[in-house]
>>> print(open('structure-v1.csv').read())   # CSV, C-alpha atoms
chain,number,residue,atom,x,y,z
I,600,MET,CA,18.1,-20.5,25.2
I,601,LYS,CA,15.3,-18.0,24.4
I,602,THR,CA,11.7,-18.9,24.5
I,603,LEU,CA,9.5,-18.7,21.4
I,604,PRO,CA,7.9,-15.4,22.5
I,605,GLU,CA,11.3,-13.9,23.3
I,606,SER,CA,12.5,-14.9,19.8
I,607,ILE,CA,9.5,-13.3,18.2
I,608,LEU,CA,9.9,-10.1,20.2
I,609,GLU,CA,13.6,-9.9,19.6
I,610,HIS,CA,13.0,-10.2,15.8
I,611,SER,CA,10.2,-7.6,16.0
I,612,ARG,CA,12.5,-5.1,17.6
I,613,GLN,CA,15.0,-5.4,14.7
I,614,LEU,CA,12.3,-4.5,12.1
I,615,PRO,CA,11.9,-0.9,10.8
I,616,GLU,CA,8.7,0.9,11.7
I,617,GLY,CA,5.8,-0.9,10.0
I,618,GLY,CA,7.8,-4.1,9.3
I,619,MET,CA,5.7,-7.2,9.2
I,620,LEU,CA,6.0,-10.4,11.1
I,621,THR,CA,4.3,-13.7,10.1
I,622,PRO,CA,4.0,-16.9,12.1
I,623,LYS,CA,5.5,-18.8,9.1
I,624,GLU,CA,8.8,-17.2,9.8
I,625,PHE,CA,9.1,-18.9,13.2
I,626,LEU,CA,7.9,-22.5,12.4
I,627,HIS,CA,11.5,-23.6,12.7
I,628,LEU,CA,11.3,-22.8,16.5
I,629,GLY,CA,8.1,-24.9,17.3
I,630,SER,CA,4.9,-26.4,16.0
I,631,ARG,CA,2.4,-24.4,14.1
I,632,ALA,CA,0.1,-24.5,17.1
I,633,ALA,CA,2.8,-23.2,19.5
I,634,VAL,CA,3.8,-20.4,17.1
I,635,ASP,CA,0.2,-19.3,16.6
I,636,GLN,CA,-0.4,-19.4,20.4
I,637,ALA,CA,2.7,-17.3,21.0
I,638,PHE,CA,1.6,-14.7,18.5
I,639,SER,CA,-1.9,-14.6,19.9
I,640,ARG,CA,-0.6,-14.1,23.5
I,641,LEU,CA,1.9,-11.4,22.4
I,642,ALA,CA,-0.9,-9.6,20.6
I,643,LYS,CA,-3.3,-9.8,23.6
I,644,ALA,CA,-0.5,-8.4,25.8
I,645,GLY,CA,0.0,-5.5,23.4
I,646,LYS,CA,3.6,-6.4,22.6
I,647,ILE,CA,2.8,-6.9,18.9
I,648,ILE,CA,-0.2,-5.7,16.8
I,649,ARG,CA,-2.3,-8.0,14.8
I,650,ALA,CA,-2.9,-6.1,11.5
I,651,ALA,CA,-4.7,-8.9,9.6
I,652,ARG,CA,-5.0,-12.6,9.7
I,653,GLY,CA,-1.4,-14.0,9.9
I,654,LEU,CA,0.2,-10.5,9.7
I,655,TYR,CA,1.6,-8.7,12.7
I,656,VAL,CA,3.6,-5.5,13.3
I,657,ALA,CA,5.7,-4.3,16.2
I,658,PRO,CA,4.4,-1.3,18.1
I,659,THR,CA,6.5,1.8,18.0
I,660,ILE,CA,8.0,3.6,21.0
I,661,ASP,CA,6.5,7.0,20.0
I,662,ARG,CA,3.1,8.0,18.7
I,663,GLN,CA,1.2,5.9,21.3
I,664,GLY,CA,2.7,2.7,20.0
I,665,VAL,CA,1.0,2.6,16.6
I,666,PRO,CA,3.1,2.7,13.5
I,667,SER,CA,1.9,4.9,10.6
I,668,MET,CA,-0.4,3.1,8.1
I,669,ALA,CA,1.9,4.2,5.2
I,670,ARG,CA,4.8,2.3,6.9
I,671,VAL,CA,2.6,-0.7,7.6
I,672,VAL,CA,1.5,-0.9,4.0
I,673,GLY,CA,5.1,-0.5,2.9
I,674,GLY,CA,6.1,-3.3,5.2
I,675,LEU,CA,3.3,-5.5,3.7
I,676,ALA,CA,4.5,-4.7,0.2
I,677,SER,CA,8.0,-5.6,1.1
I,678,LYS,CA,7.0,-8.8,2.9
I,679,THR,CA,4.7,-10.1,0.2
I,680,GLN,CA,6.6,-8.7,-2.8
I,681,GLU,CA,3.4,-7.1,-4.1
I,682,MET,CA,3.0,-3.7,-5.7
I,683,ILE,CA,0.8,-1.6,-3.4
I,684,ALA,CA,0.0,2.0,-4.2
I,685,LEU,CA,-2.5,4.7,-3.2
I,686,ASP,CA,-5.9,4.3,-5.0
I,687,GLY,CA,-7.3,6.7,-7.6
I,688,ALA,CA,-9.1,9.0,-5.2
I,689,GLY,CA,-6.0,9.4,-3.0
I,690,SER,CA,-3.8,9.9,-6.1
I,691,ALA,CA,-6.1,12.5,-7.5
I,692,LYS,CA,-6.1,14.4,-4.2
I,693,MET,CA,-2.3,14.2,-4.0
I,694,LEU,CA,-2.0,15.6,-7.6
I,695,GLY,CA,-4.4,18.4,-6.9
I,696,LEU,CA,-7.0,17.1,-9.3
I,697,THR,CA,-9.8,17.0,-6.7
I,698,ASN,CA,-10.6,18.7,-3.4
I,699,GLN,CA,-12.5,15.7,-2.1
I,700,ILE,CA,-11.0,14.2,1.0
I,701,PRO,CA,-10.6,10.4,0.5
I,702,ASN,CA,-12.8,8.4,2.9
I,703,GLY,CA,-10.1,6.5,4.9
I,704,TYR,CA,-7.0,4.7,3.6
I,705,VAL,CA,-7.5,2.8,0.4
I,706,PHE,CA,-4.7,1.2,-1.5
I,707,LEU,CA,-4.5,-0.9,-4.7
I,708,THR,CA,-2.4,-4.1,-4.9
I,709,SER,CA,-1.3,-6.6,-7.4
I,710,GLY,CA,-1.9,-9.2,-4.8
I,711,ARG,CA,-5.1,-10.3,-3.0
I,712,ALA,CA,-7.5,-7.9,-1.3
I,713,ARG,CA,-7.4,-7.5,2.4
I,714,ASN,CA,-8.1,-5.1,5.3
I,715,LEU,CA,-5.5,-3.9,7.7
I,716,ASN,CA,-6.3,-2.7,11.2
I,717,VAL,CA,-3.6,-1.0,13.2
I,718,GLY,CA,-4.8,0.5,16.4
I,719,ASP,CA,-7.8,2.6,15.5
I,720,VAL,CA,-6.7,3.1,11.9
I,721,GLN,CA,-8.1,0.8,9.1
I,722,ALA,CA,-6.9,0.5,5.5
I,723,GLU,CA,-8.6,-1.3,2.7
I,724,ILE,CA,-6.3,-2.9,0.2
I,725,ARG,CA,-8.1,-3.8,-3.1
I,726,HIS,CA,-6.9,-5.9,-6.0
I,727,ALA,CA,-6.4,-3.8,-9.1
I,728,PRO,CA,-5.9,-4.7,-12.8
I,729,ARG,CA,-2.3,-4.8,-13.9
I,730,TRP,CA,-2.4,-1.7,-16.0
I,731,MET,CA,-3.3,0.4,-13.0
I,732,LEU,CA,-0.1,-0.6,-11.3
I,733,SER,CA,2.1,-0.8,-14.4
I,734,LEU,CA,4.0,2.4,-13.4
I,735,GLY,CA,4.3,1.5,-9.8
I,736,ASP,CA,4.2,3.9,-6.9
I,737,THR,CA,5.6,6.8,-9.0
I,738,THR,CA,4.1,10.2,-10.0
I,739,ALA,CA,3.3,8.7,-13.4
I,740,GLY,CA,1.6,5.7,-11.7
I,741,ALA,CA,-0.5,8.1,-9.6
I,742,VAL,CA,-1.6,9.9,-12.7
I,743,VAL,CA,-2.8,6.7,-14.2
I,744,ARG,CA,-4.8,5.8,-11.1
I,745,ALA,CA,-6.2,9.3,-10.7
I,746,LEU,CA,-7.3,9.4,-14.4
I,747,ALA,CA,-9.0,6.0,-14.0
I,748,TRP,CA,-10.8,7.3,-10.9
I,749,LEU,CA,-11.8,10.6,-12.5
I,750,GLY,CA,-13.0,8.9,-15.7
I,751,GLU,CA,-13.1,9.7,-19.4
I,752,ALA,CA,-15.5,12.6,-18.9
I,753,GLN,CA,-13.1,14.6,-16.8
I,754,VAL,CA,-9.8,13.6,-18.5
I,755,SER,CA,-9.4,16.9,-20.5
I,756,VAL,CA,-9.7,19.1,-17.4
I,757,ALA,CA,-7.3,16.8,-15.5
I,758,MET,CA,-4.8,16.9,-18.4
I,759,GLU,CA,-4.8,20.7,-18.4
I,760,LYS,CA,-3.8,20.7,-14.7
I,761,LEU,CA,-1.3,17.9,-15.2
I,762,ARG,CA,0.4,19.7,-18.1
I,763,LYS,CA,1.6,22.4,-15.7
I,764,GLN,CA,2.9,20.2,-13.0
I,765,LEU,CA,4.4,17.0,-14.5
I,766,THR,CA,8.1,16.8,-15.4
I,767,PRO,CA,9.4,15.6,-18.7
I,768,PRO,CA,10.5,12.2,-17.2
I,769,ASP,CA,6.9,11.8,-15.8
I,770,TRP,CA,5.5,12.4,-19.3
I,771,GLN,CA,8.0,10.0,-20.8
I,772,ALA,CA,6.9,7.3,-18.3
I,773,LEU,CA,3.3,7.9,-19.1
I,774,SER,CA,4.0,7.8,-22.8
I,775,SER,CA,5.9,4.5,-22.5
I,776,ALA,CA,2.9,2.8,-20.8
I,777,ARG,CA,0.2,3.9,-23.2
I,778,SER,CA,-0.1,0.5,-24.8
I,779,LEU,CA,-1.2,-1.0,-21.4
I,780,LEU,CA,-3.8,1.7,-20.7
I,781,PRO,CA,-7.5,2.0,-21.7
I,782,SER,CA,-7.8,3.6,-25.2
I,783,TRP,CA,-9.4,6.9,-23.9
I,784,MET,CA,-6.5,7.3,-21.4
I,785,ALA,CA,-3.8,6.5,-24.0
I,786,VAL,CA,-5.3,9.0,-26.4
I,787,ALA,CA,-5.4,11.8,-23.8
I,788,ILE,CA,-1.8,11.1,-22.8
I,789,GLY,CA,-0.7,10.9,-26.4
I,790,ARG,CA,-2.1,14.3,-27.1
I,791,GLU,CA,-0.1,15.8,-24.3
I,792,VAL,CA,3.2,14.1,-25.1
I,793,VAL,CA,3.4,15.0,-28.8
>>> encode(input="structure-v1.csv", output="structure tokens")
Amino acid sequence: MKTLPESILEHSRQLPEGGMLTPKEFLHLGSRAAVDQAFSRLAKAGKIIRAARGLYVAPTIDRQGVPSMARVVGGLASKTQEMIALDGAGSAKMLGLTNQIPNGYVFLTSGRARNLNVGDVQAEIRHAPRWMLSLGDTTAGAVVRALAWLGEAQVSVAMEKLRKQLTPPDWQALSSARSLLPSWMAVAIGREVV
């Protein structure tokens, strides 16, 4: 019969890169105190990585043992069933609407705010209003978050750039979500879709 730490490690090896482990998954194998102690000892030994309170990831074989933050955030979204997407500054940079380099990793979530630490990399996950995540982690959703970050004063310049790069399905998705968006954003999108 496997020990509790062996069971945790075996499970962690079966997860994809960035997959999350939580102590609650192992309460059937021992008391809460025993499970917490096993996780703590495995993290101190470097066999798993504590990303946040109650959230752990398995180290990778390559890249000095640290999974990519994008994969960790994806694992968190999968584990918690939350929508998590790049924030407005990151979305604007990705869409070519700004040359500013975002300061660290910042994501928006439908769940609670938290910070993740994986190796030397940190990510801030902020709670966002529902409308900012209504189109999910899609190009159209990135447009909504980028426009929110840029603000009403810069929307016309942004829309000129977006007109050249978005596909008809992206415009259709934006158009379908106009009723959920702030008025100034819905009007700017409506002008482009017509």
>>> residues_around(input="structure-v1.csv", residues="region 630-645 of chain I", least_positions_apart="4", cutoff="9 Å", atoms="all atoms listed in the file", output="list in words")
Leu603, Pro604, Ile607, Leu608, Thr621, Pro622, Lys623, Phe625, Leu626, Arg649, Gly653, Tyr655 and Pro658 of chain I
>>> closest_atom_pairs(input="structure-v1.csv", of="region 667-688 of chain I", to="region 721-732 of chain I", cutoff="9 Å", atoms="only C-alpha atoms", output="CSV")
residue,atom,partner,partner_atom,distance
I:Met668,CA,I:Ala722,CA,7.5
I:Val672,CA,I:Ala722,CA,8.6
I:Met682,CA,I:Leu732,CA,7.1
I:Ile683,CA,I:Leu732,CA,8.0
I:Ala684,CA,I:Leu732,CA,7.6
I:Asp686,CA,I:Arg725,CA,8.6
>>> atom_distance(input="structure-v1.csv", atom1="CA of Gly689 (chain I)", atom2="CA of Pro701 (chain I)")
5.9 Å
>>> residues_near_point(input="structure-v1.csv", point="(2.2, -3.5, 7.1)", cutoff="9 Å", atoms="all atoms listed in the file", output="JSON, numbers by chain")
{"I": [617, 618, 619, 620, 650, 654, 655, 656, 666, 668, 669, 670, 671, 672, 673, 674, 675, 676, 677, 678, 715, 717]}
>>> atom_distance(input="structure-v1.csv", atom1="CA of Arg652 (chain I)", atom2="CA of Ala712 (chain I)")
12.2 Å
>>> closest_atom_pairs(input="structure-v1.csv", of="region 626-740 of chain I", to="region 756-776 of chain I", cutoff="7 Å", atoms="all atoms listed in the file", output="CSV")
residue,atom,partner,partner_atom,distance
I:Leu696,CA,I:Ala757,CA,6.2
I:Thr738,CA,I:Asp769,CA,6.6
I:Ala739,CA,I:Asp769,CA,5.3
>>> closest_residue(input="structure-v1.csv", among="I:Gln680, I:Ser667, I:Thr697, I:Thr659", to="Gln753 (chain I)", atoms="only C-alpha atoms")
I:Thr697
>>> closest_residue(input="structure-v1.csv", among="I:Leu614, I:Met693, I:Ala787, I:Val720", to="Ala752 (chain I)", atoms="all atoms listed in the file")
I:Ala787
>>> decode(input="structure-v1.csv", residues="region 603-614 of chain I", atoms="all heavy atoms", output="mmCIF file, in the first residue's frame")
data_model
loop_
_atom_site.group_PDB
_atom_site.id
_atom_site.type_symbol
_atom_site.label_atom_id
_atom_site.label_comp_id
_atom_site.auth_asym_id
_atom_site.auth_seq_id
_atom_site.Cartn_x
_atom_site.Cartn_y
_atom_site.Cartn_z
ATOM 1 N N LEU I 603 0.791 8.210 1.880
ATOM 2 C CA LEU I 603 0.084 9.412 1.446
ATOM 3 C C LEU I 603 0.962 10.266 0.519
ATOM 4 O O LEU I 603 0.509 10.638 -0.573
ATOM 5 C CB LEU I 603 -0.377 10.211 2.668
ATOM 6 C CG LEU I 603 -1.164 11.482 2.423
ATOM 7 C CD1 LEU I 603 -2.390 11.237 1.568
ATOM 8 C CD2 LEU I 603 -1.577 12.101 3.747
ATOM 9 N N PRO I 604 2.216 10.564 0.870
ATOM 10 C CA PRO I 604 3.050 11.332 -0.062
ATOM 11 C C PRO I 604 3.258 10.623 -1.402
ATOM 12 O O PRO I 604 3.271 11.282 -2.455
ATOM 13 C CB PRO I 604 4.380 11.486 0.681
ATOM 14 C CG PRO I 604 4.021 11.351 2.125
ATOM 15 C CD PRO I 604 2.883 10.377 2.152
ATOM 16 N N GLU I 605 3.398 9.327 -1.404
ATOM 17 C CA GLU I 605 3.554 8.580 -2.660
ATOM 18 C C GLU I 605 2.300 8.713 -3.527
ATOM 19 O O GLU I 605 2.394 8.861 -4.752
ATOM 20 C CB GLU I 605 3.854 7.105 -2.387
ATOM 21 C CG GLU I 605 5.234 6.851 -1.839
ATOM 22 C CD GLU I 605 5.430 5.406 -1.366
ATOM 23 O OE1 GLU I 605 4.420 4.667 -1.200
ATOM 24 O OE2 GLU I 605 6.586 5.022 -1.154
ATOM 25 N N SER I 606 1.130 8.665 -2.904
ATOM 26 C CA SER I 606 -0.125 8.819 -3.646
ATOM 27 C C SER I 606 -0.237 10.212 -4.258
ATOM 28 O O SER I 606 -0.671 10.369 -5.401
ATOM 29 C CB SER I 606 -1.325 8.573 -2.725
ATOM 30 O OG SER I 606 -1.333 7.253 -2.268
ATOM 31 N N ILE I 607 0.172 11.219 -3.493
ATOM 32 C CA ILE I 607 0.130 12.595 -3.994
ATOM 33 C C ILE I 607 1.079 12.746 -5.180
ATOM 34 O O ILE I 607 0.715 13.298 -6.223
ATOM 35 C CB ILE I 607 0.483 13.599 -2.870
ATOM 36 C CG1 ILE I 607 -0.602 13.583 -1.784
ATOM 37 C CG2 ILE I 607 0.666 15.005 -3.438
ATOM 38 C CD1 ILE I 607 -0.238 14.313 -0.508
ATOM 39 N N LEU I 608 2.296 12.246 -5.052
ATOM 40 C CA LEU I 608 3.280 12.346 -6.131
ATOM 41 C C LEU I 608 2.849 11.580 -7.371
ATOM 42 O O LEU I 608 3.017 12.058 -8.502
ATOM 43 C CB LEU I 608 4.648 11.853 -5.659
ATOM 44 C CG LEU I 608 5.396 12.807 -4.745
ATOM 45 C CD1 LEU I 608 6.693 12.166 -4.248
ATOM 46 C CD2 LEU I 608 5.690 14.117 -5.450
ATOM 47 N N GLU I 609 2.287 10.400 -7.173
ATOM 48 C CA GLU I 609 1.821 9.614 -8.322
ATOM 49 C C GLU I 609 0.739 10.378 -9.084
ATOM 50 O O GLU I 609 0.752 10.435 -10.308
ATOM 51 C CB GLU I 609 1.293 8.263 -7.856
ATOM 52 C CG GLU I 609 0.836 7.383 -9.013
ATOM 53 C CD GLU I 609 0.319 6.033 -8.539
ATOM 54 O OE1 GLU I 609 1.036 5.369 -7.765
ATOM 55 O OE2 GLU I 609 -0.802 5.677 -8.938
ATOM 56 N N HIS I 610 -0.187 10.966 -8.343
ATOM 57 C CA HIS I 610 -1.249 11.755 -8.980
ATOM 58 C C HIS I 610 -0.662 12.962 -9.707
ATOM 59 O O HIS I 610 -1.077 13.289 -10.820
ATOM 60 C CB HIS I 610 -2.274 12.200 -7.941
ATOM 61 C CG HIS I 610 -3.404 12.993 -8.521
ATOM 62 N ND1 HIS I 610 -4.368 12.432 -9.322
ATOM 63 C CD2 HIS I 610 -3.711 14.309 -8.435
ATOM 64 C CE1 HIS I 610 -5.225 13.361 -9.695
ATOM 65 N NE2 HIS I 610 -4.843 14.521 -9.169
ATOM 66 N N SER I 611 0.323 13.628 -9.091
ATOM 67 C CA SER I 611 0.912 14.823 -9.696
ATOM 68 C C SER I 611 1.622 14.497 -11.004
ATOM 69 O O SER I 611 1.650 15.312 -11.921
ATOM 70 C CB SER I 611 1.879 15.512 -8.730
ATOM 71 O OG SER I 611 3.071 14.787 -8.587
ATOM 72 N N ARG I 612 2.187 13.326 -11.117
ATOM 73 C CA ARG I 612 2.896 12.925 -12.344
ATOM 74 C C ARG I 612 1.935 12.654 -13.502
ATOM 75 O O ARG I 612 2.347 12.650 -14.650
ATOM 76 C CB ARG I 612 3.752 11.695 -12.067
ATOM 77 C CG ARG I 612 4.951 12.004 -11.188
ATOM 78 C CD ARG I 612 5.833 10.790 -10.965
ATOM 79 N NE ARG I 612 6.832 11.079 -9.961
ATOM 80 C CZ ARG I 612 6.906 10.482 -8.782
ATOM 81 N NH1 ARG I 612 6.057 9.520 -8.461
ATOM 82 N NH2 ARG I 612 7.839 10.819 -7.917
ATOM 83 N N GLN I 613 0.685 12.400 -13.184
ATOM 84 C CA GLN I 613 -0.313 12.122 -14.220
ATOM 85 C C GLN I 613 -0.951 13.394 -14.772
ATOM 86 O O GLN I 613 -1.638 13.355 -15.787
ATOM 87 C CB GLN I 613 -1.402 11.203 -13.666
ATOM 88 C CG GLN I 613 -0.879 9.839 -13.278
ATOM 89 C CD GLN I 613 -1.925 9.016 -12.536
ATOM 90 O OE1 GLN I 613 -3.048 9.455 -12.336
ATOM 91 N NE2 GLN I 613 -1.540 7.822 -12.123
ATOM 92 N N LEU I 614 -0.704 14.522 -14.116
ATOM 93 C CA LEU I 614 -1.305 15.782 -14.540
ATOM 94 C C LEU I 614 -0.531 16.387 -15.697
ATOM 95 O O LEU I 614 0.683 16.205 -15.806
ATOM 96 C CB LEU I 614 -1.302 16.776 -13.370
ATOM 97 C CG LEU I 614 -2.180 16.430 -12.183
ATOM 98 C CD1 LEU I 614 -1.948 17.429 -11.053
ATOM 99 C CD2 LEU I 614 -3.644 16.433 -12.578
#
